Amino acid sequence: MANRVQIPTRNSALIAMIADEDTVTGFLLAGVGNVDLRRKTNYLIVDSKTTMKQIEDAFREFTTREDIAVVLISQYVANMIRFLVDGYNKPIPAILEIPSKDHPYDPTHDSVLSRVKYLFSAESVASGRR
């Protein structure tokens with residue numbers, strides 16, 4: 001089983017991560033990590049030395065790559081680049097904000113949850129805007 005080679009197909013897709021070291025390590029241990037032939041990874045570990053530009057570039061790269069279906073991003077990191085996360089409106093890759101060990105999840109800042117609330121709010125249903 002360990003020697004099994006995974007053959008990439010048009011239907012295979014990756015999960016990308018932008019999060020703190022503990023969160024990324026947990027997902028890497030679960031088998032989410034990938035390094036391609038050009039040494040490009042599907043994750044970015046955010047720490048005190050990570051610049052805003054690195055986070056923004058990783059988000060833009062992950063949301064434009066053809067082989068990524070889901071981008072998991074820690075909510076506190078998403079808050080750093082909230083303008084990019086809120087401005088993203090494509091269905092694939094899907095953006096999911098997740099909690100981290102040191103920063104609890106706050107549903108009021110979740111862009112997906114706020115869009116769902118808007119779609120199912122009384123005002124949007126009554127006015128026919130869906």
# chains A, B, ... in the order shown; residues from 1 in each chain; ligands from 1
>>> residues_around(residues="A:Thr41", least_positions_apart="6", cutoff="10 Å", atoms="only C-alpha atoms", output="PyMOL selection string")
chain A and resi 16-17+33-35+62
>>> select_by_dssp(residues="stretch 26-95 of chain A", states="strand (DSSP E)", output="list in words")
Tyr43, Leu44, Ile45, Ile68, Ala69, Val70, Val71, Leu72, Ile73, Ser74, Ala94 and Ile95 of chain A
>>> select_by_dssp(residues="stretch 21-60 of chain A", states="alpha helix (DSSP H)", output="JSON, numbers by chain")
{"A": [21, 22, 23, 24, 25, 26, 27, 28, 29, 52, 53, 54, 55, 56, 57, 58, 59, 60]}
>>> write_last_selection(atoms="N, CA and C atoms", output="PDB file, in the first residue's frame")
ATOM      1  N   GLU A  21       1.068  26.540  11.988  1.00  0.00           N
ATOM      2  CA  GLU A  21       1.856  25.315  11.864  1.00  0.00           C
ATOM      3  C   GLU A  21       1.144  24.089  12.426  1.00  0.00           C
ATOM      4  N   ASP A  22       0.511  24.205  13.568  1.00  0.00           N
ATOM      5  CA  ASP A  22      -0.171  23.049  14.165  1.00  0.00           C
ATOM      6  C   ASP A  22      -1.315  22.544  13.293  1.00  0.00           C
ATOM      7  N   THR A  23      -2.090  23.459  12.756  1.00  0.00           N
ATOM      8  CA  THR A  23      -3.224  23.080  11.902  1.00  0.00           C
ATOM      9  C   THR A  23      -2.741  22.424  10.622  1.00  0.00           C
ATOM     10  N   VAL A  24      -1.754  23.030   9.971  1.00  0.00           N
ATOM     11  CA  VAL A  24      -1.230  22.467   8.729  1.00  0.00           C
ATOM     12  C   VAL A  24      -0.603  21.103   9.000  1.00  0.00           C
ATOM     13  N   THR A  25       0.150  20.977  10.091  1.00  0.00           N
ATOM     14  CA  THR A  25       0.782  19.696  10.424  1.00  0.00           C
ATOM     15  C   THR A  25      -0.258  18.603  10.611  1.00  0.00           C
ATOM     16  N   GLY A  26      -1.346  18.918  11.292  1.00  0.00           N
ATOM     17  CA  GLY A  26      -2.411  17.937  11.478  1.00  0.00           C
ATOM     18  C   GLY A  26      -2.988  17.461  10.166  1.00  0.00           C
ATOM     19  N   PHE A  27      -3.228  18.377   9.259  1.00  0.00           N
ATOM     20  CA  PHE A  27      -3.783  17.990   7.956  1.00  0.00           C
ATOM     21  C   PHE A  27      -2.739  17.256   7.104  1.00  0.00           C
ATOM     22  N   LEU A  28      -1.469  17.625   7.233  1.00  0.00           N
ATOM     23  CA  LEU A  28      -0.425  16.911   6.501  1.00  0.00           C
ATOM     24  C   LEU A  28      -0.322  15.467   6.989  1.00  0.00           C
ATOM     25  N   LEU A  29      -0.451  15.278   8.299  1.00  0.00           N
ATOM     26  CA  LEU A  29      -0.429  13.920   8.845  1.00  0.00           C
ATOM     27  C   LEU A  29      -1.638  13.108   8.378  1.00  0.00           C
ATOM     28  N   MET A  52       2.191  39.751   4.787  1.00  0.00           N
ATOM     29  CA  MET A  52       0.857  39.848   4.181  1.00  0.00           C
ATOM     30  C   MET A  52       0.921  39.498   2.699  1.00  0.00           C
ATOM     31  N   LYS A  53       1.981  39.916   2.036  1.00  0.00           N
ATOM     32  CA  LYS A  53       2.135  39.644   0.611  1.00  0.00           C
ATOM     33  C   LYS A  53       2.219  38.137   0.355  1.00  0.00           C
ATOM     34  N   GLN A  54       2.925  37.401   1.207  1.00  0.00           N
ATOM     35  CA  GLN A  54       3.009  35.955   1.054  1.00  0.00           C
ATOM     36  C   GLN A  54       1.632  35.302   1.211  1.00  0.00           C
ATOM     37  N   ILE A  55       0.863  35.782   2.174  1.00  0.00           N
ATOM     38  CA  ILE A  55      -0.482  35.235   2.392  1.00  0.00           C
ATOM     39  C   ILE A  55      -1.377  35.552   1.203  1.00  0.00           C
ATOM     40  N   GLU A  56      -1.337  36.808   0.746  1.00  0.00           N
ATOM     41  CA  GLU A  56      -2.147  37.208  -0.411  1.00  0.00           C
ATOM     42  C   GLU A  56      -1.757  36.413  -1.649  1.00  0.00           C
ATOM     43  N   ASP A  57      -0.449  36.263  -1.893  1.00  0.00           N
ATOM     44  CA  ASP A  57       0.013  35.523  -3.065  1.00  0.00           C
ATOM     45  C   ASP A  57      -0.411  34.057  -3.005  1.00  0.00           C
ATOM     46  N   ALA A  58      -0.320  33.445  -1.825  1.00  0.00           N
ATOM     47  CA  ALA A  58      -0.726  32.049  -1.681  1.00  0.00           C
ATOM     48  C   ALA A  58      -2.222  31.908  -1.937  1.00  0.00           C
ATOM     49  N   PHE A  59      -3.034  32.817  -1.388  1.00  0.00           N
ATOM     50  CA  PHE A  59      -4.473  32.768  -1.607  1.00  0.00           C
ATOM     51  C   PHE A  59      -4.789  32.900  -3.089  1.00  0.00           C
ATOM     52  N   ARG A  60      -4.166  33.849  -3.761  1.00  0.00           N
ATOM     53  CA  ARG A  60      -4.412  34.035  -5.200  1.00  0.00           C
ATOM     54  C   ARG A  60      -3.963  32.812  -5.993  1.00  0.00           C
TER      55      ARG A  60
END
>>> closest_residue(among="A:Asp20, A:Asp106, A:Glu97, A:Glu61", to="A:Asn42", atoms="only C-alpha atoms")
A:Glu61
>>> residues_around(residues="A:Lys90", least_positions_apart="4", cutoff="10 Å", atoms="only C-alpha atoms", output="compact mmCIF listing (two decimals) with all heavy atoms, in the first residue's frame")
# COMPACT_ATOMS: atom_id res chain seq x y z
N THR A 63 -6.40 29.81 -5.36
CA THR A 63 -7.73 30.00 -5.94
C THR A 63 -7.71 30.02 -7.47
O THR A 63 -8.77 30.05 -8.09
CB THR A 63 -8.41 31.27 -5.42
OG1 THR A 63 -7.55 32.39 -5.63
CG2 THR A 63 -8.73 31.14 -3.94
N ALA A 94 -13.66 25.98 -3.44
CA ALA A 94 -14.47 26.50 -2.34
C ALA A 94 -13.53 26.99 -1.23
O ALA A 94 -12.51 26.37 -0.97
CB ALA A 94 -15.38 25.41 -1.80
N ILE A 95 -13.89 28.09 -0.60
CA ILE A 95 -13.11 28.64 0.51
C ILE A 95 -13.83 28.32 1.81
O ILE A 95 -15.00 28.67 1.97
CB ILE A 95 -12.96 30.17 0.37
CG1 ILE A 95 -12.45 30.56 -1.01
CG2 ILE A 95 -12.08 30.73 1.47
CD1 ILE A 95 -11.10 30.01 -1.37
>>> atom_distance(atom1="atom CA of A:Ser12", atom2="atom CA of A:Ile73")
20.7 Å
>>> atom_distance(atom1="atom CA of A:Pro99", atom2="atom CA of A:Asn79")
11.8 Å
>>> residues_around(residues="A:Glu66", least_positions_apart="6", cutoff="10 Å", atoms="only C-alpha atoms", output="tab-separated table (two decimals) with N, CA, C and O atoms, in the first residue's frame")
chain	number	residue	atom	x	y	z
A	10	ARG	N	-7.92	13.93	-14.53
A	10	ARG	CA	-8.66	15.18	-14.63
A	10	ARG	C	-9.68	15.33	-13.51
A	10	ARG	O	-10.10	16.41	-13.18
A	13	ALA	N	-8.49	16.14	-7.37
A	13	ALA	CA	-8.31	17.52	-6.93
A	13	ALA	C	-7.71	17.51	-5.53
A	13	ALA	O	-7.84	16.54	-4.78
A	14	LEU	N	-7.07	18.61	-5.19
A	14	LEU	CA	-6.38	18.75	-3.92
A	14	LEU	C	-7.13	19.68	-2.97
A	14	LEU	O	-7.96	20.47	-3.39
A	92	ILE	N	-15.61	26.98	-7.26
A	92	ILE	CA	-14.48	26.06	-7.15
A	92	ILE	C	-13.21	26.83	-7.47
A	92	ILE	O	-13.13	27.47	-8.50
A	93	PRO	N	-12.22	26.79	-6.60
A	93	PRO	CA	-12.21	26.09	-5.34
A	93	PRO	C	-13.06	26.79	-4.29
A	93	PRO	O	-13.15	28.01	-4.25
>>> closest_residue(among="A:Arg39, A:Thr51, A:Tyr88, A:Lys101", to="A:Val71", atoms="only C-alpha atoms")
A:Tyr88
>>> atom_distance(atom1="atom CA of A:Ser100", atom2="atom CA of A:Val77")
9.7 Å
